[in-house]
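Report on the structure given below.
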Amino acid sequence: MLRLYPYVRPVRGRWAGAAVVAVVASCLGLVFPLVLKWIVDGPVADRDPGGVWLGAGVLLGLGLLEALLFGLRRWLVARPLAGVEAAMRADLYRHLQRLPVAFHDRWASGQLLSRATTDLMVVRMFLAFPLTFLIVNGVTIVAGLALLVVQDWGLGLVLLAPAVPLILVCYRFEHGYAAASRRAQDQVGDLTTVVEESVLGIRVIKGFGRHRSQARAFRELSRTLRGTELAKARLLAGILGVITLLPETALGAALVIGTVQVADGVLSAGTLVAFLSTALALRWPIESIGFLLAMSQEAATATRRFFEVMDEPEETGPEAVAPAPSGGGDGLRFEGVEFRYPDAGPGSVPTLRQVDLHIRSGETMALVGATGSGKTTLTALVPRLHDVTAGRITLDGRDVAAMPREELRTLVSMAFEEPTLFSASVAENVRMGAPGAGDAELERALGVAQADFVGRLPDGAATQVGEQGLSLSGGQRQRLALARSVVGAPRFLILDDPLSALDVHTEAAVEAALRRVLADSTALVVAHRPSTVLLADRVALLSEGRVTAVGTHHELLRTHAEYRHLMAGDEAAPGEAAQG
Ligand SMILES: Nc1ncnc2c1ncn2[C@@H]1O[C@H](COP(=O)(O)OP(=O)(O)OP(=O)(O)O)[C@@H](O)[C@H]1O
Ligand SMILES: [Mg+2]
């Protein structure tokens with residue numbers, strides 16, 4: 001938890017001030033018994049009503065002061081700590097944006113969501129409350145026990161006796177509770193994932209009538225979580241029981257011994273009153289230790305979960321501008337590229353291997369291959385969504401690995417297989433492709449993508465598309481994603497099956513417009529249909545992770561049975577297809 005210090009640093013002055021105020025306020029509580037002792041041994045014993053009123057006035061004043069100080073403490077810490085939480089959350093978000101795609105492939109989104117929300121809230125509450133009060137109550141307990149021992153060391157020792165077993169019990173509790181709270185917080189993450197998936201997948205769930213089984217999965221997880229929370233509650237109940245029972249027993253014993261001593265005249269009544277009320281004033285600090293430790297343990301777990309994500313390495317790459325391009329206008333080259341997904345076993349066949357492909361400057365290359373042959377994977381390597389495991393990729397002679405990512409991703413523009421839109425307006429979604437694009441560029445891009453439907457939306461390009469653009473049709477989404485990829489007139493354009501959801505007439509219109517755009521760009525277009533392939537100057541055939549042929553559409557149709565098969569659904573003998 002020491003790692004939280006950089007976040008607390010900016011507010012350390014106020015935080016420390018608040019802690020000091022709280023210590024003073026809490027120790028004020030220990031002055032009450034001394035005033036009581038004075039009242040009992042002085043004015044009460046002397047039957048002096050004026051003195052009693054004076055004492056009562058002092059007590060009232062002390063009470064008001066204590067309340068004011070605790071209020072001041074709250075005021076001191078509330079705002080700065082909300083700032084600490086916000087800063088941590090901003091850092092986490094920034095980091096998540098910079099983590100590689102491979103990280104996001106591996107982590108469930110609910111786990112990230114719960115860390116960004118619940119866990120950070122737990123940390124803020126820890127800084128505001130348990131951390132201060134562990135210190136405050138610790139100081140109060142030590143001061144109070146010292147007072148007790150000074151007042152009457154014999155009775156003081158009786159009260160002190162439970163300390164050793166209590167410390168041992170607390171220590172064991174910490175261990176058990178740490179494990180349980182880790183389990184609970186992970187389970188909250190799993191539960192969040194299920195809820196998120198069922199909200200996003202609500203169409204599938206309804207369409208297949210799966211709400212029962214989905215609800216069962218949810219209930220199962222939530223029952224597990226409930227079990228863990230109950231286990232935590234049992235642990236807490238156990239320690240609270242011990243923490244209450246032992247000191248109360250000691251207090252009872254002290255009361256009996258003290259009364260006997262007063263009866264014997266060994267002890268003044270005032271001292272006994274002061275002693276017992278000091279002991280009672282210590283009740284809350286001692287009893288609170290149990291749940292303060294529990295809250296601290298939860299905060300420790302939350303901190304650990306926060307830093308687990310923060311410690312994941314961000315995408316690496318040169319930040320400074322790389323040296324000037326050497327072979328300007330060389331196009332896009334794959335040289336001996338091999339790629340294996342990080343979660344694949346080390347001995348497995350790589351998803352891509354020995355890929356050598358040269359797309360000349362200004363050329364459009366179609367990438368054709370059976371489903372699962374690695375087309376999407378190959379396209380993702382160009383803007384370095386994943387990094388090649390061997391070989392290299394160059395843009396105009398420059399290795400993409402040596403380029404600052406920002407520059408690389410300005411040069412390369414993509415339309416993905418899944419047309420992902422964000423809850424923003426149509427124009428904002430398209431402008432993601434080139435933040436500086438003006439209205440003319442926006443119009444042009446929408447024109448290329450044949451997105452004339454935008455004009456018919458209630459607010460035109462300013463219409464909000466709703467979460468994930470689900471208020472649009474599949475083809476409409478695809479056309480907006482296409483517009484986004486061409487809006488910046490990129491040097492390199494990568495389209496992963498961009499027209500799959502369009503009817504033949506719209507497809508033909510998009511193709512005609514695309515051909516004009518593609519004339520200026522070096523493009524790699526994944527295609528399944530002959531109509532899309534005809535856009536391209538040449539075609540590369542990808543077969544089980546390798547480029548097995550490159551040529552024009554007609555050449556490949558003539559020479560490659562596998563290609564013929566893919567394009568026309570012609571019967572190709574299996575042997576012939578494998579031969580390629
Ligand atoms: N994130 C991933 N982690 C591990 N393996 C993956 C991942 N994404 C894809 N694969 C595997 O890599 C192989 C190639 O997938 P890819 O998506 O590149 O195929 P594709 O040629 O684009 O297919 P399609 O035509 O269906 O879009 C598949 O066997 C797939 O299971
Ligand atoms: Mg694909």
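Identifiers in the structure tokens: chain A, B, ... in order shown; residue index from 1 per chain; ligand index from 1 in order shown.
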Can you write out as CSV which residues of chain A fall within 12 Å of ligand 1, alongside each residue's closest atom pair and its distance in Å to one decimal, counting only C-alpha atoms and all ligand atoms and ordering rows by chain and ascending residue number?
```
residue,atom,partner,partner_atom_place_in_ligand_line,distance
A:Pro100,CA,ligand 1,1 (N),11.6
A:Val101,CA,ligand 1,1 (N),8.3
A:Ala102,CA,ligand 1,1 (N),7.0
A:Phe103,CA,ligand 1,1 (N),9.8
A:His104,CA,ligand 1,1 (N),9.1
A:Asp105,CA,ligand 1,1 (N),5.8
A:Arg106,CA,ligand 1,1 (N),8.3
A:Trp107,CA,ligand 1,1 (N),11.4
A:Phe339,CA,ligand 1,12 (O),9.6
A:Arg340,CA,ligand 1,5 (N),8.0
A:Tyr341,CA,ligand 1,4 (C),5.0
A:Pro342,CA,ligand 1,3 (N),7.2
A:Asp343,CA,ligand 1,4 (C),6.1
A:Ala344,CA,ligand 1,4 (C),6.5
A:Gly345,CA,ligand 1,4 (C),10.2
A:Ser348,CA,ligand 1,5 (N),11.3
A:Val349,CA,ligand 1,29 (O),10.3
A:Pro350,CA,ligand 1,12 (O),8.8
A:Thr351,CA,ligand 1,12 (O),5.5
A:Leu352,CA,ligand 1,14 (C),8.2
A:Arg353,CA,ligand 1,14 (C),11.8
A:Leu367,CA,ligand 1,21 (O),9.2
A:Val368,CA,ligand 1,21 (O),8.3
A:Gly369,CA,ligand 1,21 (O),6.3
A:Ala370,CA,ligand 1,25 (O),6.0
A:Thr371,CA,ligand 1,25 (O),3.5
A:Gly372,CA,ligand 1,19 (O),3.5
A:Ser373,CA,ligand 1,21 (O),4.0
A:Gly374,CA,ligand 1,18 (O),3.1
A:Lys375,CA,ligand 1,21 (O),3.7
A:Thr376,CA,ligand 1,22 (O),3.6
A:Thr377,CA,ligand 1,18 (O),3.7
A:Leu378,CA,ligand 1,18 (O),6.4
A:Thr379,CA,ligand 1,18 (O),8.1
A:Ala380,CA,ligand 1,18 (O),8.5
A:Leu381,CA,ligand 1,18 (O),10.3
A:Leu385,CA,ligand 1,1 (N),10.6
A:His386,CA,ligand 1,1 (N),9.4
A:Phe416,CA,ligand 1,27 (O),10.0
A:Glu417,CA,ligand 1,27 (O),7.1
A:Glu418,CA,ligand 1,27 (O),9.8
A:Leu495,CA,ligand 1,22 (O),11.4
A:Asp496,CA,ligand 1,22 (O),7.9
A:Asp497,CA,ligand 1,27 (O),7.9
A:Pro498,CA,ligand 1,27 (O),11.2
A:Ser500,CA,ligand 1,27 (O),10.9
A:Val525,CA,ligand 1,22 (O),11.5
A:Val526,CA,ligand 1,22 (O),8.2
A:Ala527,CA,ligand 1,25 (O),8.5
A:His528,CA,ligand 1,25 (O),7.6
A:Arg529,CA,ligand 1,25 (O),11.4
A:Leu541,CA,ligand 1,21 (O),10.7
A:Leu542,CA,ligand 1,21 (O),8.0
A:Ser543,CA,ligand 1,21 (O),8.8
A:Glu544,CA,ligand 1,14 (C),8.3
A:Gly545,CA,ligand 1,14 (C),7.6
A:Arg546,CA,ligand 1,21 (O),10.9
A:Val547,CA,ligand 1,21 (O),11.8
A:Leu566,CA,ligand 1,25 (O),11.2
```
Which residues, written as a PyMOL selection string, have at least one atom at most 10 Å from stretch 139-155 of chain A, with only C-alpha atoms counted and residues fewer than 6 positions away on the same chain left out?
chain A and resi 23-31+34+133+250-251+253-255+257-258+267+271-272+274-276+278-279+281-286
What does the distance from atom CA of A:Val430 to atom CA of A:Met414 come to in Å, to one decimal?
12.1 Å
Spatial neighbours of stretch 477-481 of chain A, 8 Å, only C-alpha atoms, chain gap at least 3 places, as a PyMOL selection string:
chain A and resi 415-416+418-421+426+429-430+446+449-451+469+472-474+484-485+498-499+501
Stretch 282-492 of chain A: which residues are strand (DSSP E) by DSSP, as a PyMOL selection string?
chain A and resi 332-339+352-359+364-369+390-395+398-399+412-415+492
Two-atom distance - atom CA of A:Arg515, atom CA of A:Ala445 (Å)
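Interatomic distance here is 13.0 Å.
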All residues 9 Å or closer to A:Phe453, only C-alpha atoms, same chain fewer than 4 positions away omitted, as a PDB file with all heavy atoms, in the first residue's frame:
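Final output, saved to part.pdb:
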```pdb
ATOM      1  N   LEU A 457     -31.271  10.833 -41.646  1.00  0.00           N
ATOM      2  CA  LEU A 457     -31.387  10.683 -40.194  1.00  0.00           C
ATOM      3  C   LEU A 457     -31.970  11.976 -39.619  1.00  0.00           C
ATOM      4  O   LEU A 457     -31.817  13.040 -40.224  1.00  0.00           O
ATOM      5  CB  LEU A 457     -30.014  10.408 -39.580  1.00  0.00           C
ATOM      6  CG  LEU A 457     -29.384   9.061 -39.937  1.00  0.00           C
ATOM      7  CD1 LEU A 457     -27.963   8.975 -39.412  1.00  0.00           C
ATOM      8  CD2 LEU A 457     -30.222   7.914 -39.391  1.00  0.00           C
ATOM      9  N   GLY A 460     -29.290  14.569 -39.360  1.00  0.00           N
ATOM     10  CA  GLY A 460     -28.186  14.432 -40.303  1.00  0.00           C
ATOM     11  C   GLY A 460     -26.968  13.844 -39.630  1.00  0.00           C
ATOM     12  O   GLY A 460     -27.076  12.919 -38.816  1.00  0.00           O
ATOM     13  N   GLN A 476     -25.404  -0.079 -42.594  1.00  0.00           N
ATOM     14  CA  GLN A 476     -25.174   1.343 -42.304  1.00  0.00           C
ATOM     15  C   GLN A 476     -23.956   1.515 -41.415  1.00  0.00           C
ATOM     16  O   GLN A 476     -23.117   2.381 -41.642  1.00  0.00           O
ATOM     17  CB  GLN A 476     -26.419   1.938 -41.624  1.00  0.00           C
ATOM     18  CG  GLN A 476     -27.585   2.103 -42.591  1.00  0.00           C
ATOM     19  CD  GLN A 476     -28.878   2.494 -41.878  1.00  0.00           C
ATOM     20  OE1 GLN A 476     -29.044   2.248 -40.686  1.00  0.00           O
ATOM     21  NE2 GLN A 476     -29.782   3.095 -42.634  1.00  0.00           N
TER      22      GLN A 476
END
```
Using only C-alpha atoms, which residues sit within 8 Å of stretch 169-186 of chain A once same-chain residues fewer than 4 positions away are excluded, as a VMD selection string?
chain A and resid 111 119 165 190 225 228 to 229 231 to 232 235 239 290 293 to 294 297 to 298 301 to 302
Could you save those same residues with N, CA, C and O atoms as an mmCIF file, in the first residue's frame?
```
data_model
loop_
_atom_site.group_PDB
_atom_site.id
_atom_site.type_symbol
_atom_site.label_atom_id
_atom_site.label_comp_id
_atom_site.auth_asym_id
_atom_site.auth_seq_id
_atom_site.Cartn_x
_atom_site.Cartn_y
_atom_site.Cartn_z
ATOM 1 N N GLN A 111 -13.520 -7.528 -15.060
ATOM 2 C CA GLN A 111 -12.425 -7.413 -14.097
ATOM 3 C C GLN A 111 -11.836 -6.009 -14.134
ATOM 4 O O GLN A 111 -11.479 -5.448 -13.097
ATOM 5 N N ASP A 119 -13.008 -1.017 -6.601
ATOM 6 C CA ASP A 119 -11.720 -1.089 -5.914
ATOM 7 C C ASP A 119 -11.187 0.299 -5.580
ATOM 8 O O ASP A 119 -10.672 0.531 -4.488
ATOM 9 N N PRO A 165 -3.416 -11.814 23.934
ATOM 10 C CA PRO A 165 -4.259 -12.685 23.104
ATOM 11 C C PRO A 165 -4.954 -11.917 21.973
ATOM 12 O O PRO A 165 -5.097 -12.445 20.861
ATOM 13 N N ASP A 190 -15.937 -11.073 -11.899
ATOM 14 C CA ASP A 190 -16.574 -12.089 -12.740
ATOM 15 C C ASP A 190 -18.049 -11.779 -12.940
ATOM 16 O O ASP A 190 -18.593 -11.911 -14.037
ATOM 17 N N LEU A 225 -20.579 -15.453 -4.672
ATOM 18 C CA LEU A 225 -20.131 -14.205 -4.075
ATOM 19 C C LEU A 225 -20.763 -14.008 -2.694
ATOM 20 O O LEU A 225 -20.096 -13.607 -1.740
ATOM 21 N N THR A 228 -18.961 -16.073 -0.237
ATOM 22 C CA THR A 228 -17.687 -15.469 0.166
ATOM 23 C C THR A 228 -17.919 -14.315 1.120
ATOM 24 O O THR A 228 -17.192 -14.148 2.107
ATOM 25 N N GLU A 229 -18.949 -13.489 0.808
ATOM 26 C CA GLU A 229 -19.230 -12.347 1.690
ATOM 27 C C GLU A 229 -19.654 -12.832 3.076
ATOM 28 O O GLU A 229 -19.295 -12.233 4.088
ATOM 29 N N ALA A 231 -18.681 -15.635 4.419
ATOM 30 C CA ALA A 231 -17.478 -16.130 5.081
ATOM 31 C C ALA A 231 -16.724 -14.955 5.692
ATOM 32 O O ALA A 231 -16.213 -15.036 6.819
ATOM 33 N N LYS A 232 -16.682 -13.844 4.938
ATOM 34 C CA LYS A 232 -16.030 -12.638 5.474
ATOM 35 C C LYS A 232 -16.760 -12.161 6.733
ATOM 36 O O LYS A 232 -16.136 -11.795 7.727
ATOM 37 N N LEU A 235 -15.909 -14.314 9.683
ATOM 38 C CA LEU A 235 -14.586 -13.983 10.227
ATOM 39 C C LEU A 235 -14.660 -12.710 11.054
ATOM 40 O O LEU A 235 -14.130 -12.618 12.167
ATOM 41 N N ILE A 239 -13.974 -12.118 15.116
ATOM 42 C CA ILE A 239 -12.996 -11.226 15.749
ATOM 43 C C ILE A 239 -13.689 -10.163 16.589
ATOM 44 O O ILE A 239 -13.213 -9.800 17.662
ATOM 45 N N GLY A 290 -11.325 -4.104 14.961
ATOM 46 C CA GLY A 290 -11.713 -5.248 14.131
ATOM 47 C C GLY A 290 -12.133 -4.830 12.745
ATOM 48 O O GLY A 290 -11.552 -5.271 11.750
ATOM 49 N N LEU A 293 -9.385 -3.049 10.698
ATOM 50 C CA LEU A 293 -8.452 -3.996 10.080
ATOM 51 C C LEU A 293 -9.100 -4.628 8.853
ATOM 52 O O LEU A 293 -8.460 -4.805 7.816
ATOM 53 N N ALA A 294 -10.404 -4.955 8.958
ATOM 54 C CA ALA A 294 -11.096 -5.575 7.830
ATOM 55 C C ALA A 294 -11.109 -4.627 6.636
ATOM 56 O O ALA A 294 -10.787 -5.016 5.508
ATOM 57 N N GLN A 297 -7.727 -4.381 5.093
ATOM 58 C CA GLN A 297 -7.396 -5.562 4.313
ATOM 59 C C GLN A 297 -8.053 -5.497 2.926
ATOM 60 O O GLN A 297 -7.438 -5.818 1.917
ATOM 61 N N GLU A 298 -9.318 -5.047 2.912
ATOM 62 C CA GLU A 298 -10.002 -4.899 1.626
ATOM 63 C C GLU A 298 -9.300 -3.868 0.755
ATOM 64 O O GLU A 298 -9.155 -4.045 -0.451
ATOM 65 N N THR A 301 -6.220 -5.365 -0.740
ATOM 66 C CA THR A 301 -6.569 -6.184 -1.893
ATOM 67 C C THR A 301 -6.880 -5.294 -3.097
ATOM 68 O O THR A 301 -6.428 -5.557 -4.211
ATOM 69 N N ALA A 302 -7.654 -4.241 -2.863
ATOM 70 C CA ALA A 302 -8.030 -3.342 -3.958
ATOM 71 C C ALA A 302 -6.791 -2.696 -4.563
ATOM 72 O O ALA A 302 -6.659 -2.596 -5.784
#
```
Do you know which residues are at most 8 Å from stretch 55-62 of chain A counting only C-alpha atoms, after dropping those on the same chain fewer than 4 positions away, and could you put them as an MDAnalysis selection string?
chainID A and resid 28 32 35:36 39 51 66
Near A:Asp396, within 12 Å and counting only C-alpha atoms, which residues show up once chain neighbours fewer than 3 positions away are dropped, as number ranges by chain?
A: 324-334, 358-362, 393, 399-400, 403, 408, 411-412, 491-492, 522
